[in-house]
file run.pdb (PDB, C-alpha atoms and all ligand atoms)
ATOM      1  CA  MET A   1      11.020  -5.745 -22.168
ATOM      2  CA  THR A   2       8.929  -8.873 -22.728
ATOM      3  CA  GLU A   3       5.759  -9.139 -20.662
ATOM      4  CA  PRO A   4       5.941 -11.739 -17.884
ATOM      5  CA  GLN A   5       4.178 -15.014 -18.713
ATOM      6  CA  THR A   6       3.200 -15.653 -15.099
ATOM      7  CA  ALA A   7       0.779 -13.531 -13.061
ATOM      8  CA  PRO A   8       2.375 -10.250 -11.961
ATOM      9  CA  ARG A   9       3.846 -10.126  -8.484
ATOM     10  CA  VAL A  10       2.718  -7.123  -6.446
ATOM     11  CA  LEU A  11       4.141  -5.594  -3.261
ATOM     12  CA  ILE A  12       1.972  -3.157  -1.301
ATOM     13  CA  VAL A  13       3.939  -0.990   1.170
ATOM     14  CA  MET A  14       1.840   1.060   3.584
ATOM     15  CA  ALA A  15       2.496   2.995   6.802
ATOM     16  CA  HIS A  16      -0.463   1.795   8.911
ATOM     17  CA  PRO A  17      -2.456  -1.441   9.186
ATOM     18  CA  ASP A  18      -5.556  -0.018   7.428
ATOM     19  CA  ASP A  19      -4.014   2.304   4.796
ATOM     20  CA  GLY A  20      -4.187  -0.108   1.859
ATOM     21  CA  GLU A  21      -7.851  -0.894   2.427
ATOM     22  CA  PHE A  22      -8.760   2.773   2.845
ATOM     23  CA  MET A  23      -6.787   4.089  -0.114
ATOM     24  CA  CYS A  24      -6.926   1.452  -2.852
ATOM     25  CA  GLY A  25      -8.622  -1.684  -1.504
ATOM     26  CA  ALA A  26     -10.747  -2.203  -4.616
ATOM     27  CA  THR A  27      -7.641  -2.355  -6.820
ATOM     28  CA  ILE A  28      -6.045  -4.920  -4.500
ATOM     29  CA  ALA A  29      -9.302  -6.928  -4.623
ATOM     30  CA  ARG A  30      -9.376  -6.779  -8.434
ATOM     31  CA  TRP A  31      -5.770  -7.870  -8.830
ATOM     32  CA  ALA A  32      -6.242 -10.697  -6.311
ATOM     33  CA  ARG A  33      -9.361 -11.818  -8.211
ATOM     34  CA  GLU A  34      -7.283 -11.886 -11.406
ATOM     35  CA  GLY A  35      -4.653 -14.091  -9.792
ATOM     36  CA  TYR A  36      -1.901 -11.540  -9.146
ATOM     37  CA  ASP A  37       0.566 -12.756  -6.487
ATOM     38  CA  ILE A  38       0.221 -10.084  -3.801
ATOM     39  CA  HIS A  39       2.514  -9.381  -0.843
ATOM     40  CA  TYR A  40       1.580  -6.818   1.769
ATOM     41  CA  CYS A  41       4.080  -4.951   3.985
ATOM     42  CA  ILE A  42       3.101  -2.551   6.795
ATOM     43  CA  LEU A  43       5.805  -0.390   8.358
ATOM     44  CA  THR A  44       4.257   0.518  11.718
ATOM     45  CA  ASN A  45       2.387  -1.647  14.173
ATOM     46  CA  GLY A  46      -0.492   0.848  14.500
ATOM     47  CA  ASP A  47       0.026   1.141  18.251
ATOM     48  CA  VAL A  48      -1.340   4.679  18.777
ATOM     49  CA  GLY A  49      -4.581   4.649  16.757
ATOM     50  CA  THR A  50      -7.082   4.814  19.639
ATOM     51  CA  ARG A  51      -9.014   7.251  21.805
ATOM     52  CA  ASP A  52      -9.786   4.521  24.364
ATOM     53  CA  PRO A  53      -8.173   5.692  27.666
ATOM     54  CA  HIS A  54      -7.749   2.085  28.862
ATOM     55  CA  MET A  55      -5.996   0.701  25.752
ATOM     56  CA  THR A  56      -2.252  -0.050  25.966
ATOM     57  CA  ARG A  57       0.170   0.113  23.042
ATOM     58  CA  GLU A  58       0.870  -3.613  23.282
ATOM     59  CA  GLN A  59      -2.818  -4.578  23.203
ATOM     60  CA  LEU A  60      -3.528  -2.212  20.343
ATOM     61  CA  ALA A  61      -0.565  -3.412  18.251
ATOM     62  CA  ALA A  62      -1.698  -7.027  18.612
ATOM     63  CA  THR A  63      -5.303  -6.131  17.778
ATOM     64  CA  ARG A  64      -4.367  -4.098  14.732
ATOM     65  CA  GLN A  65      -1.987  -6.737  13.349
ATOM     66  CA  ALA A  66      -4.755  -9.338  13.582
ATOM     67  CA  GLU A  67      -7.195  -6.933  11.909
ATOM     68  CA  ALA A  68      -4.720  -6.239   9.076
ATOM     69  CA  GLN A  69      -4.148  -9.943   8.503
ATOM     70  CA  GLU A  70      -7.896 -10.572   8.323
ATOM     71  CA  ALA A  71      -8.445  -7.576   6.017
ATOM     72  CA  ALA A  72      -5.754  -8.840   3.620
ATOM     73  CA  ARG A  73      -7.376 -12.271   3.622
ATOM     74  CA  ARG A  74     -10.747 -10.710   2.768
ATOM     75  CA  LEU A  75      -9.150  -8.874  -0.187
ATOM     76  CA  GLY A  76      -7.849 -12.209  -1.471
ATOM     77  CA  VAL A  77      -4.184 -11.882  -0.417
ATOM     78  CA  HIS A  78      -2.760 -15.334   0.330
ATOM     79  CA  HIS A  79       0.620 -14.455   1.866
ATOM     80  CA  ASP A  80       1.012 -13.449   5.506
ATOM     81  CA  VAL A  81       1.268  -9.682   5.975
ATOM     82  CA  ILE A  82       4.852  -8.532   6.623
ATOM     83  CA  PHE A  83       5.048  -6.182   9.643
ATOM     84  CA  LEU A  84       8.229  -4.130  10.126
ATOM     85  CA  ASN A  85       6.979  -3.024  13.564
ATOM     86  CA  TYR A  86       8.163   0.582  13.597
ATOM     87  CA  VAL A  87       6.367   2.792  16.135
ATOM     88  CA  ASP A  88       3.196   4.399  14.748
ATOM     89  CA  SER A  89       3.434   8.160  14.041
ATOM     90  CA  MET A  90       7.218   8.216  14.611
ATOM     91  CA  LEU A  91       8.367   7.167  11.117
ATOM     92  CA  GLU A  92      11.439   8.948   9.780
ATOM     93  CA  PRO A  93      12.951   8.557   6.313
ATOM     94  CA  SER A  94      16.009   6.885   7.834
ATOM     95  CA  LEU A  95      18.557   4.685   6.086
ATOM     96  CA  ASP A  96      17.583   1.853   8.462
ATOM     97  CA  LEU A  97      13.986   2.033   7.252
ATOM     98  CA  ARG A  98      15.069   2.242   3.607
ATOM     99  CA  ARG A  99      17.276  -0.800   4.088
ATOM    100  CA  ASP A 100      14.398  -2.725   5.697
ATOM    101  CA  VAL A 101      12.067  -1.905   2.780
ATOM    102  CA  THR A 102      14.850  -2.764   0.302
ATOM    103  CA  ARG A 103      15.150  -6.149   1.988
ATOM    104  CA  VAL A 104      11.412  -6.781   1.535
ATOM    105  CA  ILE A 105      11.606  -5.776  -2.158
ATOM    106  CA  ARG A 106      14.573  -8.081  -2.791
ATOM    107  CA  ARG A 107      12.821 -10.951  -1.020
ATOM    108  CA  THR A 108       9.395 -10.588  -2.664
ATOM    109  CA  ARG A 109      10.772  -9.454  -6.087
ATOM    110  CA  PRO A 110       7.653  -7.577  -7.251
ATOM    111  CA  ASP A 111       6.814  -6.523 -10.810
ATOM    112  CA  ILE A 112       4.517  -3.837  -9.370
ATOM    113  CA  VAL A 113       4.795  -1.804  -6.136
ATOM    114  CA  ILE A 114       1.961   0.248  -4.615
ATOM    115  CA  THR A 115       2.817   2.839  -1.975
ATOM    116  CA  GLN A 116       1.739   6.366  -0.980
ATOM    117  CA  ASP A 117       2.640   9.654  -2.679
ATOM    118  CA  PRO A 118       5.325  11.324  -0.519
ATOM    119  CA  SER A 119       4.503  14.746  -1.985
ATOM    120  CA  THR A 120       0.997  14.833  -0.484
ATOM    121  CA  TYR A 121       0.955  17.331   2.393
ATOM    122  CA  TYR A 122      -2.801  17.928   2.438
ATOM    123  CA  HIS A 123      -6.135  17.408   0.669
ATOM    124  CA  GLY A 124      -8.604  20.284   0.270
ATOM    125  CA  GLN A 125      -9.295  22.469   3.304
ATOM    126  CA  SER A 126      -9.920  19.840   5.982
ATOM    127  CA  TYR A 127      -7.219  17.149   5.853
ATOM    128  CA  ILE A 128      -3.502  17.289   6.689
ATOM    129  CA  ASN A 129      -1.801  14.119   5.442
ATOM    130  CA  HIS A 130      -0.267  11.954   8.176
ATOM    131  CA  PRO A 131       3.546  12.374   8.212
ATOM    132  CA  ASP A 132       3.975   8.552   8.211
ATOM    133  CA  HIS A 133       2.103   8.499   4.872
ATOM    134  CA  ARG A 134       4.743  10.769   3.345
ATOM    135  CA  VAL A 135       7.627   8.817   4.860
ATOM    136  CA  VAL A 136       6.453   5.424   3.553
ATOM    137  CA  GLY A 137       6.384   6.890   0.039
ATOM    138  CA  GLU A 138       9.747   8.587   0.278
ATOM    139  CA  VAL A 139      11.483   5.521   1.694
ATOM    140  CA  THR A 140       9.847   3.058  -0.709
ATOM    141  CA  MET A 141      10.671   5.171  -3.769
ATOM    142  CA  GLY A 142      14.301   5.373  -2.620
ATOM    143  CA  ALA A 143      14.325   1.634  -1.986
ATOM    144  CA  ILE A 144      13.033   0.928  -5.522
ATOM    145  CA  MET A 145      15.482   3.291  -7.177
ATOM    146  CA  PRO A 146      18.330   2.817  -6.531
ATOM    147  CA  SER A 147      18.684   0.594  -3.428
ATOM    148  CA  ALA A 148      16.931  -2.597  -4.589
ATOM    149  CA  SER A 149      18.742  -2.554  -7.954
ATOM    150  CA  MET A 150      22.317  -1.999  -6.807
ATOM    151  CA  ARG A 151      24.290  -4.775  -5.129
ATOM    152  CA  LEU A 152      26.762  -2.383  -3.509
ATOM    153  CA  ILE A 153      24.034  -0.351  -1.723
ATOM    154  CA  PHE A 154      23.340  -1.978   1.649
ATOM    155  CA  PRO A 155      25.986  -4.652   0.863
ATOM    156  CA  GLU A 156      24.895  -6.634   3.945
ATOM    157  CA  LEU A 157      21.709  -7.581   2.090
ATOM    158  CA  TYR A 158      23.785  -9.295  -0.599
ATOM    159  CA  GLU A 159      26.414 -10.795   1.671
ATOM    160  CA  PRO A 160      25.682 -12.415   4.131
ATOM    161  CA  GLU A 161      21.902 -12.309   3.535
ATOM    162  CA  GLY A 162      22.189 -13.508  -0.066
ATOM    163  CA  LEU A 163      19.493 -11.197  -1.483
ATOM    164  CA  GLU A 164      20.096 -10.546  -5.184
ATOM    165  CA  PRO A 165      19.386  -7.079  -6.614
ATOM    166  CA  HIS A 166      15.926  -6.609  -8.112
ATOM    167  CA  ASP A 167      14.442  -4.135 -10.602
ATOM    168  CA  VAL A 168      10.811  -3.182  -9.992
ATOM    169  CA  GLY A 169       8.801  -2.707 -13.215
ATOM    170  CA  GLU A 170       5.942  -0.400 -12.268
ATOM    171  CA  LEU A 171       5.030   1.883  -9.358
ATOM    172  CA  TYR A 172       1.549   3.050  -8.378
ATOM    173  CA  LEU A 173       1.284   5.901  -5.836
ATOM    174  CA  THR A 174      -2.008   6.113  -3.965
ATOM    175  CA  ASN A 175      -3.147   9.007  -1.713
ATOM    176  CA  THR A 176      -1.964  11.364  -4.474
ATOM    177  CA  THR A 177      -2.915  14.744  -5.914
ATOM    178  CA  HIS A 178      -1.142  13.911  -9.197
ATOM    179  CA  THR A 179      -3.394  11.153 -10.577
ATOM    180  CA  ASP A 180      -2.456  10.084 -14.107
ATOM    181  CA  ARG A 181      -3.581   6.434 -14.133
ATOM    182  CA  TRP A 182      -6.911   4.811 -13.251
ATOM    183  CA  VAL A 183      -7.593   1.171 -12.452
ATOM    184  CA  GLU A 184     -11.167   0.227 -13.353
ATOM    185  CA  VAL A 185     -12.889  -1.786 -10.614
ATOM    186  CA  THR A 186     -16.247  -3.533 -10.297
ATOM    187  CA  GLU A 187     -18.984  -3.147  -7.704
ATOM    188  CA  GLU A 188     -17.860  -6.510  -6.291
ATOM    189  CA  ASP A 189     -14.298  -5.189  -5.919
ATOM    190  CA  VAL A 190     -15.578  -2.146  -4.016
ATOM    191  CA  ALA A 191     -17.820  -4.359  -1.870
ATOM    192  CA  ARG A 192     -14.773  -6.474  -1.067
ATOM    193  CA  GLN A 193     -12.862  -3.298  -0.116
ATOM    194  CA  ALA A 194     -15.704  -2.370   2.283
ATOM    195  CA  ASP A 195     -15.697  -5.864   3.740
ATOM    196  CA  ALA A 196     -11.916  -5.695   4.281
ATOM    197  CA  LEU A 197     -12.323  -2.309   5.997
ATOM    198  CA  ARG A 198     -14.885  -3.857   8.332
ATOM    199  CA  ALA A 199     -12.085  -6.147   9.590
ATOM    200  CA  HIS A 200     -10.493  -3.012  11.137
ATOM    201  CA  VAL A 201     -13.000  -3.074  13.979
ATOM    202  CA  SER A 202     -10.847  -0.904  16.285
ATOM    203  CA  GLN A 203     -10.727   1.907  13.690
ATOM    204  CA  LEU A 204     -14.230   2.172  12.245
ATOM    205  CA  SER A 205     -16.971   4.432  13.567
ATOM    206  CA  ARG A 206     -19.456   3.816  10.710
ATOM    207  CA  ASP A 207     -19.954   1.290   7.951
ATOM    208  CA  PRO A 208     -17.624   2.095   5.032
ATOM    209  CA  MET A 209     -19.751   0.876   2.098
ATOM    210  CA  GLU A 210     -21.315   4.234   1.232
ATOM    211  CA  TRP A 211     -18.156   6.314   1.191
ATOM    212  CA  VAL A 212     -15.894   3.763  -0.553
ATOM    213  CA  MET A 213     -18.487   3.519  -3.353
ATOM    214  CA  GLU A 214     -18.696   7.319  -3.506
ATOM    215  CA  ASP A 215     -14.879   7.585  -3.720
ATOM    216  CA  ALA A 216     -14.759   5.027  -6.548
ATOM    217  CA  ARG A 217     -17.499   6.937  -8.424
ATOM    218  CA  GLU A 218     -15.644  10.239  -8.026
ATOM    219  CA  GLU A 219     -12.373   8.735  -9.265
ATOM    220  CA  ALA A 220     -14.196   7.245 -12.255
ATOM    221  CA  ALA A 221     -15.720  10.656 -13.062
ATOM    222  CA  GLU A 222     -12.180  12.057 -13.160
ATOM    223  CA  ALA A 223     -11.104   9.107 -15.356
ATOM    224  CA  ARG A 224     -13.939   9.874 -17.802
ATOM    225  CA  ARG A 225     -12.690  13.453 -18.090
ATOM    226  CA  HIS A 226      -9.426  11.840 -19.300
ATOM    227  CA  GLY A 227     -11.142   9.635 -21.875
ATOM    228  CA  HIS A 228     -11.645   6.370 -19.928
ATOM    229  CA  ASP A 229     -15.174   4.950 -19.948
ATOM    230  CA  PHE A 230     -15.151   3.759 -16.308
ATOM    231  CA  LYS A 231     -18.035   3.675 -13.805
ATOM    232  CA  LEU A 232     -15.857   2.856 -10.761
ATOM    233  CA  ALA A 233     -12.097   3.335 -10.431
ATOM    234  CA  ASN A 234      -9.124   3.952  -8.167
ATOM    235  CA  GLY A 235      -6.714   6.714  -9.205
ATOM    236  CA  PHE A 236      -2.928   6.608  -8.934
ATOM    237  CA  LYS A 237       0.242   8.454  -9.932
ATOM    238  CA  TYR A 238       1.971   5.904 -12.168
ATOM    239  CA  PHE A 239       5.548   5.055 -13.179
ATOM    240  CA  LYS A 240       6.856   2.411 -15.614
ATOM    241  CA  PHE A 241      10.571   1.732 -15.406
ATOM    242  CA  ARG A 242      12.935   0.330 -18.020
ATOM    243  CA  ARG A 243      14.204  -3.097 -16.955
TER     244      ARG A 243
HETATM  245 ZN    ZN A 301      -2.537   5.707   7.790
END

call {"tool": "encode", "arguments": {"input": "run.pdb", "output": "structure tokens"}}
result
Amino acid sequence: MTEPQTAPRVLIVMAHPDDGEFMCGATIARWAREGYDIHYCILTNGDVGTRDPHMTREQLAATRQAEAQEAARRLGVHHDVIFLNYVDSMLEPSLDLRRDVTRVIRRTRPDIVITQDPSTYYHGQSYINHPDHRVVGEVTMGAIMPSASMRLIFPELYEPEGLEPHDVGELYLTNTTHTDRWVEVTEEDVARQADALRAHVSQLSRDPMEWVMEDAREEAAEARRHGHDFKLANGFKYFKFRR
């Protein structure tokens, strides 16, 4: 494969409006700073993420979509966020959802996809992974291989929608316990991640700067144990596909 001459195109596929900022915002900020062409797709409308007894689903969905759009802008993403508007916390790895993600891949034609590791059931002794986080990974991996590549899978995408098959080049899984790739980031990238998180006003109970910096330091410490001289990093499970 010859390396692309233009800036890489990236598609980020996440379950909830704030997942990308929480899990790998500094990497998105770095790639945006370097001129990568970044598209952002969110499967649910985030319409249950509240403990406010007076909030309705409709109000919350509208609020969270606006917050996600602002957060993406703060990371340096220029395209409008794509919302598939599935109901929050009800995601299933259905063929409908896989077809909808396949459609987004064929439209945006990314070199690189970031999504979440579907094999992550828990972290440590105090966190059970959200089931939507597993579903977004399972569906997106199935959409990359084979659905986006094969014209005869979801034939309605090809005819009448006219969406040509597309081969993704690389996949980065965030929210993983199988890290084998680290993206080095700068303090400015992490600060931009914190600033993007602050756009999620309805979700934050404390300022994120301290813990996002701590996460990036911990990931870099793990990277150093694998021979990379990084001070701040985001970790991923990585795949490179033959195209
Ligand atoms: Zn989430």

call {"tool": "residues_near_ligand", "arguments": {"input": "run.pdb", "ligand": "ligand ZN 301 (chain A)", "cutoff": "7 Å", "atoms": "all atoms listed in the file", "output": "list in words"}}
result
Ala15, His16, Asp18, Asp19, His130 and His133 of chain A

call {"tool": "closest_residue", "arguments": {"input": "run.pdb", "among": "A:Ala199, A:Val183, A:Ala66, A:Cys41", "to": "A:Tyr86", "atoms": "all atoms listed in the file"}}
result
A:Cys41

call {"tool": "atom_distance", "arguments": {"input": "run.pdb", "atom1": "atom CA of A:Met55", "atom2": "atom CA of A:Tyr127"}}
result
25.8 Å

call {"tool": "resolve_selection", "arguments": {"input": "run.pdb", "expression": "the PyMOL selection byres (((chain A and resi 111-117) around 9) and not hetatm)", "output": "NGL selection string"}}
result
:A and (4 or 8-15 or 20 or 23 or 105 or 109-110 or 118-120 or 133-138 or 140-141 or 144 or 167-178 or 236-237)

call {"tool": "atom_distance", "arguments": {"input": "run.pdb", "atom1": "atom CA of A:Ala196", "atom2": "atom CA of A:Arg74"}}
result
5.4 Å

call {"tool": "resolve_selection", "arguments": {"input": "run.pdb", "expression": "the PyMOL selection byres (((chain A and resi 204-214) around 12) and not hetatm)", "output": "PyMOL selection string"}}
result
chain A and resi 18+21-26+49-51+64+67+185-203+215-221+231-234

call {"tool": "residues_near_point", "arguments": {"input": "run.pdb", "point": "(-0.3, -11.7, -10.6)", "cutoff": "8 Å", "atoms": "only C-alpha atoms", "output": "PyMOL selection string"}}
result
chain A and resi 6-10+31-32+34-38

call {"tool": "write_last_selection", "arguments": {"input": "run.pdb", "atoms": "C-alpha atoms", "output": "PDB file, keeping the file's coordinate frame"}}
result
ATOM      1  CA  THR A   6       3.200 -15.653 -15.099  1.00  0.00           C
ATOM      2  CA  ALA A   7       0.779 -13.531 -13.061  1.00  0.00           C
ATOM      3  CA  PRO A   8       2.375 -10.250 -11.961  1.00  0.00           C
ATOM      4  CA  ARG A   9       3.846 -10.126  -8.484  1.00  0.00           C
ATOM      5  CA  VAL A  10       2.718  -7.123  -6.446  1.00  0.00           C
ATOM      6  CA  TRP A  31      -5.770  -7.870  -8.830  1.00  0.00           C
ATOM      7  CA  ALA A  32      -6.242 -10.697  -6.311  1.00  0.00           C
ATOM      8  CA  GLU A  34      -7.283 -11.886 -11.406  1.00  0.00           C
ATOM      9  CA  GLY A  35      -4.653 -14.091  -9.792  1.00  0.00           C
ATOM     10  CA  TYR A  36      -1.901 -11.540  -9.146  1.00  0.00           C
ATOM     11  CA  ASP A  37       0.566 -12.756  -6.487  1.00  0.00           C
ATOM     12  CA  ILE A  38       0.221 -10.084  -3.801  1.00  0.00           C
TER      13      ILE A  38
END

call {"tool": "residues_around", "arguments": {"input": "run.pdb", "residues": "A:Thr44", "least_positions_apart": "3", "cutoff": "8 Å", "atoms": "only C-alpha atoms", "output": "list in words"}}
result
Ala15, His16, Pro17, Asp47, Phe83, Leu84, Asn85, Tyr86, Val87, Asp88 and Leu91 of chain A

call {"tool": "closest_residue", "arguments": {"input": "run.pdb", "among": "A:Val77, A:Met150, A:Val48, A:Met90", "to": "A:Leu163", "atoms": "all atoms listed in the file"}}
result
A:Met150

call {"tool": "closest_residue", "arguments": {"input": "run.pdb", "among": "A:His123, A:Arg98, A:His79, A:Arg181", "to": "A:Met145", "atoms": "all atoms listed in the file"}}
result
A:Arg98

call {"tool": "closest_residue", "arguments": {"input": "run.pdb", "among": "A:Ala29, A:Val104, A:Tyr40, A:Thr56", "to": "A:Asp80", "atoms": "all atoms listed in the file"}}
result
A:Tyr40

call {"tool": "closest_residue", "arguments": {"input": "run.pdb", "among": "A:Gly46, A:Ser89, A:Pro146, A:Ser126", "to": "A:Phe241", "atoms": "only C-alpha atoms"}}
result
A:Pro146

call {"tool": "atom_distance", "arguments": {"input": "run.pdb", "atom1": "atom CA of A:Gln5", "atom2": "atom CA of A:Leu75"}}
result
23.6 Å

call {"tool": "residues_around", "arguments": {"input": "run.pdb", "residues": "A:Ala143", "least_positions_apart": "4", "cutoff": "9 Å", "atoms": "all atoms listed in the file", "output": "list in words"}}
result
Arg98, Arg99, Asp100, Val101, Thr102, Arg103, Ile105, Glu138, Val139, Ser147, Ala148 and Ser149 of chain A

call {"tool": "closest_residue", "arguments": {"input": "run.pdb", "among": "A:His78, A:Asp132, A:Gly124, A:Glu164", "to": "A:Asn45", "atoms": "only C-alpha atoms"}}
result
A:Asp132
